[in-house]
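Colleague: This is the structure I have questions about; it appears just below.
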Amino acid sequence: MSLSLKNITRIVDGETWLSDINLTLEPGSFNVLLGRTRAGKTSLMRIMAGLDRPTSGQLFMNGVDVTGVPVRERNISMVYQQFINYPNLTVYENIASPLRLAKLSESVIRQRVQETAELLHIEPYLQRLPLQLSGGQQQRTAMARALVKESQIILFDEPLVNLDYKLREELRTELRSLFKERNCIAVYATTEPNEALALSGNTAVLHEGKLLQMGPTEQVYHKPLDIITAEMFSEPPINIVHGRVSDTEVTFDETVHFQLNSDLRHLTPGDYKFGVRASHVGLVPHADDDLELPVKVELAEISGSETFLHVKNPHFDLVLHLSGVHEYSVDKDIKIYFPTHKLYAFDTQGQLVHAPHRVGG
Amino acid sequence: MNKIENNKAWFLVLPVFILVAFSAIIPLMTVVNYSVQDIFDPSTRYFVGTEWFVQVMHDAELQAALLRQFVFSLTILSIEIPLGIGVALLMPTKGKAASLGLILVAIPLLIPWNVVGTIWQIYGRADIGLFGAALNAIGIEYNYASNPTHAWLTVVLMDVWHWTPLVALLCYSGLRAIPEMYYQAARIDKASRWAVFRYIQLPKLTNVLIIGVLLRFMDSFMIYTEPFVLTGGGPGNTTTFLSQSLVKQAIGQFDLGPAAAFSLVYFLIILLVCWLFYTIIMNMQNDKRG
């Protein structure tokens, strides 16, 4: 049971929501749609579900064209950002509802509801109404309703956004293991790069209605094909510095020079944008040829037990991702070390021309 | 910490106290005062205790009016609530049609009560009214001025015409508040149109419906102007509701004592029904929230 999208375009009121999307999802795969708000994640899911029709393009299931087939005649499930349950039915009846509509026997229904409830740890609450549960339990109920009917495609539209941090991590981990043994296609939309990385599987990066890149999550992360993917798929966003490559050296913003090293030697002279991950810039040198830069502290942003240190020099701003909580006073002069071996280089069109070599590929 | 004790706070409460006294307590107490006295003229009055209350409770005419009142309120509720939900479900939801629909539905609500009475009085007339004459033309001998059943039907029809839009508008707003996701989820579940109504729309409408029922009950229980203009309570007493009886007694016959006693009973009935509704609503919500 594979799902493929061919040249899917959707135009609403003259505005292009999705433009020429080609995508194939294999059975048993977990696919993350990563993109900012209004990137087209929900629109794409609605087309996959059959809730909307594409303006042009086709949708195939196992090679059969299902573009015009309405949602009622497909076997899919969807979980939303809001906790959508039948308000006056108990948790048990909520989970049982798709099975009842499928006219299964009472004993089968009881068994399947019980199994699914156990899987999602909500079996103590089966006789309660959704509003008597916490947000996390309500969303578990909605997920149970989606999982119980064993659909071929399960769509998750930012399901964890409205939950608190701890619950989110917990459910995310469970979700991943829930799908390990299933042979359905899971599609999961999110705006958060960290969520995509935690869920692994495949990632498709969407931006302004276009599919930028699709592949195994680690591969998309380590080899973003263009600058937008690179910026979107890192938290904090990757640092971008304008630079020029000559025959012998690299110059950042006319002021900082360093020798062309073996990594970058294959670049033809010209203008480039260089990307360096926030976690690769350090306060101490990691290699002999790290570039020492004097900068001023602008802001130390503490997130969890990590610190995002925003620094600037007269020509560019950088963000450092440091582990541990650190306090820095504003305008303090510090030295940072810029790794010349961990640079991404993008051409003026924003296409990747060089990615750093990684140990072990 | 030193606690400063003085009585300044009483001055701050005073305005509210005065307002409540003049708007509720003093008028009500005046009525209570009337209800326990037999008044011949301002200087000749006798304390009669509960005599008026006993008389009012045994007054066959008032009992009949009370029964009529309950029958009327329950009739219009059982018509207006389902009809209002139906109209709300059929109203367009998008674009210019939605605004037009809202305006059309709201028009009856904008018409003053006595004008509504006048409209239906003329509209229903057997000789010159469009509605009455049309019915007679197709062979139905309709005449609300002489036939009690026709008078009743006309009063009910008038109220339904006048107030169903209120229920419809309340339900319309309730329906608009249901996120689109619920309908999508139902479609994905392959739920039928009836299931969507029964398990999504109706539960989500509960709160506005409670308000609708409460408002319509209170309002219809106090109905005065429209039947007064339309039938004057007739033919006979067949469309005389409680407030009309009260006005007849208090102003028509100037029986202040019994009228005051009756007002209090009337007030207590409304209070009791309010309390009943309130208790039921609270219990329902407690059931839901645990």
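Every chain in the structure tokens has a letter given in the order shown (A, B, ...), and although residue numbers restart at 1 in each chain, ligands are simply numbered from 1 in the order shown.
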Do a neighbour search on region 162-165 of chain A at 9 Å with only C-alpha atoms, toss out local chain neighbours closer than 5 positions, and write the hits as a ChimeraX atom specification.

Modeller: /A:81-83,135-136,139,170

Colleague: Need the shell around region 294-306 of chain A: protein/DNA/RNA residues with any atom at most 7 Å away, counting only C-alpha atoms. Skip same-chain ones fewer than 3 positions apart. Format as a list in words?

Modeller: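 Near neighbours after the sequence-gap exclusion: Leu309, His310, Val311, Lys312, Asn313, Leu322, Ser323, Gly324, Val325, Glu327, Tyr328, Val330, Asp331, Lys332, Asp333, Ile334, Lys335 and Ile336 of chain A.
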
Colleague: Counting only C-alpha atoms, a student should be able to say which residues of chain B come within 10 Å of chain A; what is the right answer, written as a count of residues only?

Modeller: 26

Colleague: Could you check which of A:Thr24, A:Asp317, A:Asp289, A:Pro339 is closest to Val276 (chain A), using only C-alpha atoms?

Modeller: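 Ranking A:Thr24, A:Asp317, A:Asp289, A:Pro339 by distance to Val276 (chain A), first place goes to A:Pro339.
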
Colleague: Pick from B:Val208, B:Leu256, B:Ile26, B:Met57: nearest to Asp38 (chain B), with only C-alpha atoms counted?

Modeller: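 Nearest candidate to Asp38 (chain B) out of B:Val208, B:Leu256, B:Ile26, B:Met57: B:Leu256.
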
Colleague: Enumerate, as a PyMOL selection string, the complete set of residues in region 22-84 of chain B that a backbone-based DSSP assignment places in strand (DSSP E).

Modeller: chain B and resi 37-41+44-47

Colleague: Mind checking which residues fall within 7 Å of region 231-240 of chain B, counting only C-alpha atoms, ignoring those fewer than 6 positions away in the same chain, and posting them as a list in words?

Modeller: Ala65, Ala145, Ser146, Asn147, Pro148 and Trp152 of chain B

Colleague: Please save N, CA and C atoms of the selected residues as a PDB file, in the first residue's frame.

Modeller:
ATOM      1  N   ALA B  65     -56.383  30.674  33.621  1.00  0.00           N
ATOM      2  CA  ALA B  65     -55.371  31.471  32.923  1.00  0.00           C
ATOM      3  C   ALA B  65     -53.980  30.869  33.110  1.00  0.00           C
ATOM      4  N   ALA B 145     -61.569  35.727  15.394  1.00  0.00           N
ATOM      5  CA  ALA B 145     -62.321  36.566  16.322  1.00  0.00           C
ATOM      6  C   ALA B 145     -63.496  35.800  16.955  1.00  0.00           C
ATOM      7  N   SER B 146     -63.964  34.739  16.294  1.00  0.00           N
ATOM      8  CA  SER B 146     -65.118  34.028  16.857  1.00  0.00           C
ATOM      9  C   SER B 146     -64.806  32.586  17.237  1.00  0.00           C
ATOM     10  N   ASN B 147     -63.800  31.962  16.604  1.00  0.00           N
ATOM     11  CA  ASN B 147     -63.490  30.566  16.874  1.00  0.00           C
ATOM     12  C   ASN B 147     -62.289  30.466  17.817  1.00  0.00           C
ATOM     13  N   PRO B 148     -62.493  29.912  19.044  1.00  0.00           N
ATOM     14  CA  PRO B 148     -61.391  29.840  20.017  1.00  0.00           C
ATOM     15  C   PRO B 148     -60.179  29.086  19.482  1.00  0.00           C
ATOM     16  N   TRP B 152     -56.451  30.603  19.157  1.00  0.00           N
ATOM     17  CA  TRP B 152     -55.252  29.978  19.722  1.00  0.00           C
ATOM     18  C   TRP B 152     -54.180  29.759  18.667  1.00  0.00           C
TER      19      TRP B 152
END

Colleague: Give the answer as one residue: which of B:Gln37, B:Ser43, B:Ser73, B:Thr118 has the shortest atom-to-atom distance to Val213 (chain B), using only C-alpha atoms?

Modeller: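 Looking at the shortest contact to Val213 (chain B), the residue is B:Ser73.
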
Colleague: Could you give me, as a list in words, the residues within 6 Å of region 155-169 of chain B, counting only C-alpha atoms and dropping anything in the same chain fewer than 4 positions from it?

Modeller: Glu80, Gly84, Ile85, Val87, Ala88, Val105, Pro108 and Gly212 of chain B

Colleague: Go ahead and dump the residues you just picked, all heavy atoms, as an mmCIF file, in the first residue's frame.

Modeller:
data_model
loop_
_atom_site.group_PDB
_atom_site.id
_atom_site.type_symbol
_atom_site.label_atom_id
_atom_site.label_comp_id
_atom_site.auth_asym_id
_atom_site.auth_seq_id
_atom_site.Cartn_x
_atom_site.Cartn_y
_atom_site.Cartn_z
ATOM 1 N N GLU B 80 -40.887 26.177 18.651
ATOM 2 C CA GLU B 80 -39.820 27.124 18.299
ATOM 3 C C GLU B 80 -38.414 26.543 18.422
ATOM 4 O O GLU B 80 -37.542 26.866 17.616
ATOM 5 C CB GLU B 80 -39.936 28.390 19.172
ATOM 6 C CG GLU B 80 -41.116 29.245 18.748
ATOM 7 C CD GLU B 80 -41.333 30.456 19.642
ATOM 8 O OE1 GLU B 80 -40.436 30.813 20.415
ATOM 9 O OE2 GLU B 80 -42.422 31.047 19.553
ATOM 10 N N GLY B 84 -36.265 26.363 15.275
ATOM 11 C CA GLY B 84 -35.104 27.272 15.306
ATOM 12 C C GLY B 84 -33.824 26.533 14.939
ATOM 13 O O GLY B 84 -33.003 27.025 14.169
ATOM 14 N N ILE B 85 -33.657 25.320 15.494
ATOM 15 C CA ILE B 85 -32.464 24.517 15.168
ATOM 16 C C ILE B 85 -32.455 24.208 13.677
ATOM 17 O O ILE B 85 -31.436 24.350 12.998
ATOM 18 C CB ILE B 85 -32.452 23.202 15.976
ATOM 19 C CG1 ILE B 85 -32.350 23.492 17.482
ATOM 20 C CG2 ILE B 85 -31.289 22.320 15.548
ATOM 21 C CD1 ILE B 85 -32.509 22.262 18.357
ATOM 22 N N VAL B 87 -33.934 25.849 11.204
ATOM 23 C CA VAL B 87 -33.630 27.042 10.408
ATOM 24 C C VAL B 87 -32.138 27.339 10.467
ATOM 25 O O VAL B 87 -31.497 27.605 9.447
ATOM 26 C CB VAL B 87 -34.447 28.256 10.920
ATOM 27 C CG1 VAL B 87 -33.964 29.544 10.267
ATOM 28 C CG2 VAL B 87 -35.926 28.050 10.653
ATOM 29 N N ALA B 88 -31.544 27.235 11.675
ATOM 30 C CA ALA B 88 -30.115 27.529 11.832
ATOM 31 C C ALA B 88 -29.277 26.583 10.980
ATOM 32 O O ALA B 88 -28.289 26.985 10.379
ATOM 33 C CB ALA B 88 -29.709 27.417 13.301
ATOM 34 N N VAL B 105 -33.686 36.674 8.680
ATOM 35 C CA VAL B 105 -34.139 35.963 9.870
ATOM 36 C C VAL B 105 -34.362 36.941 11.025
ATOM 37 O O VAL B 105 -35.266 36.769 11.842
ATOM 38 C CB VAL B 105 -33.117 34.868 10.248
ATOM 39 C CG1 VAL B 105 -33.424 34.297 11.619
ATOM 40 C CG2 VAL B 105 -33.147 33.744 9.218
ATOM 41 N N PRO B 108 -38.166 39.809 11.968
ATOM 42 C CA PRO B 108 -39.275 39.757 12.930
ATOM 43 C C PRO B 108 -38.883 40.245 14.326
ATOM 44 O O PRO B 108 -39.713 40.807 15.047
ATOM 45 C CB PRO B 108 -39.645 38.270 12.966
ATOM 46 C CG PRO B 108 -39.185 37.728 11.676
ATOM 47 C CD PRO B 108 -37.951 38.502 11.325
ATOM 48 N N GLY B 212 -31.654 29.594 25.143
ATOM 49 C CA GLY B 212 -32.826 29.791 24.285
ATOM 50 C C GLY B 212 -34.109 29.359 24.982
ATOM 51 O O GLY B 212 -35.094 30.095 25.006
#

Colleague: Find the spatial neighbours of Ile185 (chain A), counting only C-alpha atoms, within a cut-off of 12 Å - ignore same-chain residues fewer than 5 positions away - and output them as an NGL selection string.

Modeller: :A and (1-4 or 24-32 or 48-49 or 61 or 75-78 or 147 or 150-156 or 179-180 or 201-202)

Colleague: Using only C-alpha atoms, which protein or nucleic acid residues come within 10 Å of region 261-267 of chain B? Drop anything in the same chain fewer than 5 positions from it, and give the result as a list in words.

Modeller: Leu28, Val31, Val32, Asn33, Tyr34, Ser35, Val36, Gln37, Thr50, Glu51, Trp52, Phe53, Val54, Gln55, Val56, Met57, Leu62, Leu66, Phe221, Met222, Leu242, Ser243, Ser245, Leu246, Val247, Gln249, Ala250, Leu256 and Leu272 of chain B

Colleague: Keeping only N, CA and C atoms, write the selected residues as a tab-separated table (two decimals), in the first residue's frame.

Modeller:
chain	number	residue	atom	x	y	z
B	28	LEU	N	-41.13	46.06	45.23
B	28	LEU	CA	-41.62	44.75	45.62
B	28	LEU	C	-42.33	44.82	46.97
B	31	VAL	N	-45.79	46.13	46.75
B	31	VAL	CA	-46.73	45.10	46.31
B	31	VAL	C	-47.07	44.19	47.49
B	32	VAL	N	-46.04	43.82	48.25
B	32	VAL	CA	-46.27	42.98	49.43
B	32	VAL	C	-47.24	43.69	50.38
B	33	ASN	N	-47.02	44.99	50.56
B	33	ASN	CA	-47.86	45.81	51.43
B	33	ASN	C	-49.32	45.79	50.98
B	34	TYR	N	-49.54	45.98	49.66
B	34	TYR	CA	-50.90	45.93	49.11
B	34	TYR	C	-51.54	44.56	49.33
B	35	SER	N	-50.72	43.52	49.19
B	35	SER	CA	-51.29	42.18	49.14
B	35	SER	C	-51.84	41.70	50.47
B	36	VAL	N	-51.48	42.40	51.54
B	36	VAL	CA	-52.00	41.96	52.85
B	36	VAL	C	-53.01	42.95	53.42
B	37	GLN	N	-53.49	43.90	52.59
B	37	GLN	CA	-54.45	44.88	53.09
B	37	GLN	C	-55.67	44.97	52.18
B	50	THR	N	-53.54	36.76	55.00
B	50	THR	CA	-53.35	35.97	53.77
B	50	THR	C	-54.66	35.80	53.00
B	51	GLU	N	-55.66	36.55	53.35
B	51	GLU	CA	-56.98	36.37	52.74
B	51	GLU	C	-56.94	36.47	51.21
B	52	TRP	N	-56.25	37.51	50.71
B	52	TRP	CA	-56.18	37.68	49.25
B	52	TRP	C	-55.48	36.50	48.58
B	53	PHE	N	-54.45	36.02	49.24
B	53	PHE	CA	-53.71	34.88	48.66
B	53	PHE	C	-54.61	33.67	48.54
B	54	VAL	N	-55.37	33.42	49.62
B	54	VAL	CA	-56.29	32.28	49.59
B	54	VAL	C	-57.31	32.46	48.47
B	55	GLN	N	-57.82	33.70	48.37
B	55	GLN	CA	-58.84	33.97	47.33
B	55	GLN	C	-58.25	33.75	45.93
B	56	VAL	N	-57.05	34.30	45.73
B	56	VAL	CA	-56.42	34.21	44.41
B	56	VAL	C	-56.16	32.76	44.02
B	57	MET	N	-55.68	31.98	44.99
B	57	MET	CA	-55.37	30.59	44.70
B	57	MET	C	-56.62	29.79	44.35
B	62	LEU	N	-58.40	32.58	37.36
B	62	LEU	CA	-56.94	32.67	37.37
B	62	LEU	C	-56.31	31.29	37.17
B	66	LEU	N	-53.72	30.37	34.32
B	66	LEU	CA	-52.42	29.77	34.62
B	66	LEU	C	-52.20	28.52	33.76
B	221	PHE	N	-44.01	33.29	29.03
B	221	PHE	CA	-44.79	33.20	30.26
B	221	PHE	C	-45.31	34.58	30.67
B	222	MET	N	-44.66	35.60	30.17
B	222	MET	CA	-45.07	36.96	30.52
B	222	MET	C	-45.76	37.65	29.35
B	242	LEU	N	-51.90	34.99	31.79
B	242	LEU	CA	-51.77	35.49	33.15
B	242	LEU	C	-51.65	37.00	33.26
B	243	SER	N	-50.76	37.58	32.48
B	243	SER	CA	-50.53	39.02	32.65
B	243	SER	C	-51.77	39.83	32.25
B	245	SER	N	-54.91	38.76	32.71
B	245	SER	CA	-55.79	38.66	33.87
B	245	SER	C	-55.39	39.65	34.94
B	246	LEU	N	-54.06	39.72	35.13
B	246	LEU	CA	-53.54	40.60	36.16
B	246	LEU	C	-53.90	42.05	35.88
B	247	VAL	N	-53.68	42.47	34.64
B	247	VAL	CA	-53.95	43.85	34.28
B	247	VAL	C	-55.44	44.16	34.43
B	249	GLN	N	-57.50	42.82	36.43
B	249	GLN	CA	-57.84	42.89	37.84
B	249	GLN	C	-57.32	44.18	38.49
B	250	ALA	N	-56.06	44.51	38.21
B	250	ALA	CA	-55.43	45.62	38.88
B	250	ALA	C	-55.92	46.96	38.35
B	256	LEU	N	-56.79	46.24	44.04
B	256	LEU	CA	-55.35	46.27	44.27
B	256	LEU	C	-54.87	45.12	45.14
B	272	LEU	N	-39.52	30.23	40.66
B	272	LEU	CA	-39.41	28.79	40.86
B	272	LEU	C	-38.92	28.11	39.58

Colleague: Determine which residues of region 149-244 of chain B DSSP labels as alpha helix (DSSP H) from the backbone of this structure, then write them out as a PyMOL selection string.

Modeller: chain B and resi 149-176+180-188+193-196+202-221+225-230+242-244

Colleague: Kindly save the residues from that selection, with C-alpha atoms included, as a short mmCIF file (atom, residue, chain, number, x, y, z; two decimals), in the first residue's frame.

Modeller:
data_model
loop_
_atom_site.label_atom_id
_atom_site.label_comp_id
_atom_site.auth_asym_id
_atom_site.auth_seq_id
_atom_site.Cartn_x
_atom_site.Cartn_y
_atom_site.Cartn_z
CA THR B 149 -59.27 27.20 18.25
CA HIS B 150 -58.49 29.62 15.43
CA ALA B 151 -57.68 32.33 17.97
CA TRP B 152 -55.25 29.98 19.72
CA LEU B 153 -53.65 28.88 16.47
CA THR B 154 -53.21 32.50 15.44
CA VAL B 155 -51.60 33.49 18.75
CA VAL B 156 -49.24 30.50 18.59
CA LEU B 157 -48.45 31.13 14.92
CA MET B 158 -47.76 34.79 15.68
CA ASP B 159 -45.39 33.92 18.51
CA VAL B 160 -43.63 31.30 16.41
CA TRP B 161 -43.24 33.82 13.60
CA HIS B 162 -41.99 36.48 15.99
CA TRP B 163 -39.59 34.46 18.17
CA THR B 164 -38.32 31.42 16.25
CA PRO B 165 -35.69 33.76 14.71
CA LEU B 166 -34.23 34.32 18.18
CA VAL B 167 -33.72 30.59 18.68
CA ALA B 168 -32.41 30.30 15.11
CA LEU B 169 -29.87 33.09 15.65
CA LEU B 170 -28.69 31.62 18.94
CA CYS B 171 -28.24 28.20 17.32
CA TYR B 172 -26.62 29.75 14.27
CA SER B 173 -23.96 31.37 16.46
CA GLY B 174 -23.54 28.10 18.35
CA LEU B 175 -23.06 26.19 15.11
CA ARG B 176 -20.51 28.69 13.83
CA GLU B 180 -14.33 22.82 11.07
CA MET B 181 -12.10 19.98 12.31
CA TYR B 182 -15.08 18.23 13.92
CA TYR B 183 -16.87 17.95 10.60
CA GLN B 184 -13.69 16.76 8.90
CA ALA B 185 -13.10 14.16 11.60
CA ALA B 186 -16.68 12.97 11.17
CA ARG B 187 -16.24 12.68 7.41
CA ILE B 188 -13.06 10.68 7.93
CA ARG B 193 -25.44 13.43 8.44
CA TRP B 194 -27.67 12.34 11.31
CA ALA B 195 -24.67 11.17 13.38
CA VAL B 196 -22.97 14.53 12.81
CA LEU B 202 -26.49 18.91 19.21
CA PRO B 203 -24.05 18.41 22.13
CA LYS B 204 -22.18 21.54 21.09
CA LEU B 205 -25.47 23.46 20.96
CA THR B 206 -26.55 22.44 24.47
CA ASN B 207 -25.42 25.65 26.11
CA VAL B 208 -27.08 28.04 23.67
CA LEU B 209 -30.21 25.90 23.68
CA ILE B 210 -30.45 26.16 27.45
CA ILE B 211 -30.31 29.94 27.13
CA GLY B 212 -32.83 29.79 24.28
CA VAL B 213 -35.29 27.67 26.26
CA LEU B 214 -34.90 29.86 29.33
CA LEU B 215 -35.40 33.11 27.41
CA ARG B 216 -38.35 31.80 25.44
CA PHE B 217 -39.99 30.33 28.51
CA MET B 218 -39.67 33.51 30.56
CA ASP B 219 -40.77 35.70 27.68
CA SER B 220 -43.73 33.59 26.66
CA PHE B 221 -44.79 33.20 30.26
CA THR B 225 -49.01 42.83 24.25
CA GLU B 226 -49.47 40.60 21.20
CA PRO B 227 -52.60 38.66 22.29
CA PHE B 228 -53.96 41.87 23.83
CA VAL B 229 -53.74 43.61 20.46
CA LEU B 230 -54.74 40.56 18.41
CA LEU B 242 -51.77 35.49 33.15
CA SER B 243 -50.53 39.02 32.65
CA GLN B 244 -53.78 39.98 30.91
#

Colleague: Excluding same-chain residues fewer than 3 positions from Ser246 (chain A), what lies within 12 Å of it counting only C-alpha atoms, as JSON, numbers by chain?

Modeller: {"A": [243, 249, 250, 251, 252, 254, 257, 258, 259, 260, 261, 264, 265, 266, 267, 268, 269, 270, 271, 272]}

Colleague: Work out how far apart CA of Phe316 (chain A) and CA of His242 (chain A) are and give it in Å to one decimal.

Modeller: 8.8 Å
